[in-house]
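Working notes, structure below.
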Amino acid sequence: MNKTLKQLHEELKSGAILVEDLVSSYIKVIDEKDKEVHALLGMYSDGLISSQINKAKEMFKSGTDTILTGIPVVLKDNILVKGEHATGASKILENYVATYDATVVKKLKDAGAILIGRANMDEFAMGGSTENSAYGVTKNPHDTTKVSGGSSGGSAAVVAYGGVPVSLGSDTGGSIRQPASFCGVVGLKTTYGNVSRYGVMAMGSSLDQIGPFGNSVGDVEEIYKIISGYDTLDSTSLNEEERKVKNGDFKKVIGVPMDFISRDGIDKEVLNNFSESLEKLKGIGYTIKDISIPNLEKALSVYYVLMPAEVSSNLARYDGIRFGLSNPGDTSIRSYFESRTAGFGSEVRRRILLGTYVLSSGYYDAYYNKANLVRDMLIKEFTKVFNEVDVIATPTSPVPAFTIGEKSQDPLSMYLADIFTVPANIVGVPAISVPSGKTENGLPLGIQFIASLNREDILFTTGRDFEKLY
Ligand code: GLN
C-alpha cells in the first residue's frame, strides 16, 4: 500500500524519517525499476536535488513546511526548470537548458518539494503512447509489453511503480487522464486557466493544462491546491473573480451520454467495467441520468483541426536559430529545413503539415473557422447539461493499454482512442481519471468524471467516494 502525502508528511515532520533518506529510498526504486520501464529521461542535477533537500530541512526546522516539503516529484519533460535540461522528448531540444523556472516549478520549489527527475513523453506531447518520444518508449509497469499511454506516459508510470508519490504532466486532449487510466493511478486535468502555463512548452495553447498524477484523489487534490492560482505571466490565467464563478449545489447527479459511449470500437471489458462502476455509484447514493450532448460526436474532429493549427504556429519557434539543434544550410531557408527535418519526428511533422493546411487561405474558413463554431456549440451544450447534472461520467479510454507497436503505424486509430478525453479540453472544463479496476489480464482501467468550470471540488468529492469502492 502506497503512503499518502499526509502520511509521508507526518513521518517527515515527526523526524521518523529524514528528508534525504526519503529521497534516497525513492531514487533507489527508480534505479531498480526504470531500467525496464524507462519512465524517466534523466535526473535533475545533484546540485539542485541537494539544495532542495537543504531547503526542505530548513522549512521543517522553522515550521514553514507544507504538505509537499521533502516530497520527491517528477516533472514531464516539457516543464522548464532553470539550469536543467528540458527536451520535450524531441531531438530538436536535445541539448537545451532552461533559462527560467515555470510558474508551477516556482510554486513547487516554494512549497519545499524535491524535484528529482524528468519524465518521458510523446514528442512535444503529441501522441497517446509515448511511442513518439525521440528517446524510446515508456513501458507499462503492469505489463511491459504494453504502452504506458501518453503523452505523459513517463509521469504516470513513475508514480505507478512507486518511483515518486506524485508527478506533473500536461493535458491537451487527454495526456494526463489516459496514461493515468492505463497505469492505474489518478490524473487530473484542471479547468483551463486554473494552472499557469508559463514555462511549459506550448502544444495547443487554447487546450493545454498542467496537472498532477498521484496514488489517490486526496494526493492529487493536495498538489492541485499548490500549483493552481492566478499568474500575471500567463495571459489566459483566470483571476480571482473568474475563479469564483461556480454553478449550484452538489446533488450527486451523474450524467452519462450512453449513446456516445456504447459505440463500435469500445472494448467489451471497458464497457462492462463502466456499467459496473455506475451501479456501484448508485449503491452509495448517486443518481445516474442518461444525457444527450448532440455535438459530442464532433469533438474529436474539432480537436484534430484546432490542435494541429495551434501546433503549427507554436512549433514555428524551433527554427534552428533560437533554440536547440542547429544544422546550418547554404541559405537561411535551407537552415530551417535542415534543422527541422533532423530535429522533428514524423508525428510532429504530420501535425505541422495538417495545421498549416487547415490555416491556409481557402481552407481557413472551411476547417479552422468551422471547428471554432462547433467548439462554441459544444460549450453551450455542456453548459446546458451542467444545469441538470453535477458530473458527466465516461470511461477514460475506449480501450485498455495496448501492445507496444500495435497502433504506432496507424495514426488514425491512435487518434480515435482520444474520443472520451478531448471534449473536456475543447470545452475547457476540469476532468479526472480514477482507477476503476482491472481487465482479466490485469491491466488497469479508469473512469473519467467531468465537472463544470471551476468545479474541481466536485471531482474530488466524487472521486474520493468512488475510489473507496475499488
Ligand atoms: N493523444 C492526444 C494527442 O495526440 C492528446 C495529447 C495531449 O493531451 N498532449 O493529441
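By order in the C-alpha cells, chains are A, B, ...; within a chain, residues start at 1; ligands start at 1, following the order shown.
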Quiz item: Tell me, which residues of range 216-363 of chain A carry DSSP strand (DSSP E or B), written as an MDAnalysis selection string?
Solution: chainID A and resid 228 253:256 287:290
Practice problem: Could the residues that lie within 7 Å of ligand 1, counting only C-alpha atoms and all ligand atoms, be listed as a PyMOL selection string? | Solution: chain A and resi 125-128+150-151+170-176+415+418
Could those selected residues go to a file with C-alpha atoms, as an mmCIF file, in the first residue's frame?
data_model
loop_
_atom_site.group_PDB
_atom_site.id
_atom_site.type_symbol
_atom_site.label_atom_id
_atom_site.label_comp_id
_atom_site.auth_asym_id
_atom_site.auth_seq_id
_atom_site.Cartn_x
_atom_site.Cartn_y
_atom_site.Cartn_z
ATOM 1 C CA ALA A 125 3.133 15.983 -26.091
ATOM 2 C CA MET A 126 1.801 14.726 -29.445
ATOM 3 C CA GLY A 127 0.558 11.196 -29.014
ATOM 4 C CA GLY A 128 -1.142 8.736 -26.731
ATOM 5 C CA GLY A 150 0.571 9.257 -23.406
ATOM 6 C CA SER A 151 1.578 11.754 -23.904
ATOM 7 C CA SER A 170 0.249 18.155 -19.249
ATOM 8 C CA ASP A 171 -3.085 17.502 -20.908
ATOM 9 C CA THR A 172 -4.073 18.937 -24.297
ATOM 10 C CA GLY A 173 -6.504 16.211 -25.315
ATOM 11 C CA GLY A 174 -6.209 13.584 -22.597
ATOM 12 C CA SER A 175 -2.490 13.289 -21.964
ATOM 13 C CA ILE A 176 -2.851 13.152 -18.180
ATOM 14 C CA TYR A 415 -6.434 9.480 -32.639
ATOM 15 C CA ASP A 418 -8.806 10.115 -27.590
#
Quiz item: If we count only C-alpha atoms, what is near Glu58 in chain A at a cut-off of 12 Å, once residues fewer than 3 positions away on the same chain are taken out, given as a count of residues only?
Solution: 17
Exercise. Write out as a list in words which residues come within 8 Å of Asn372 in chain A when counting only C-alpha atoms, dropping same-chain ones fewer than 3 positions away.
Key: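 Listed by chain and then number, they are Val302, Leu306, Tyr368, Asn369, Arg375 and Asp376 of chain A.
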Quiz prompt | Pick from A:Asp101, A:Glu388, A:Glu10, A:Asp457 nearest to Val81 in chain A, counting only C-alpha atoms | solution =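 Answer, going by the shortest atom-to-atom distance: A:Asp101.
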Quiz item: What is the CA of Gly405 in chain A-CA of Gly154 in chain A distance in Å, reported with one decimal?
Solution: 17.1 Å
Exercise. Fewer than 3 positions away in the same chain doesn't count, so skip those; otherwise give me all residues within 10 Å of range 220-225 of chain A, counting only C-alpha atoms, as a count of residues only.
Key: 31
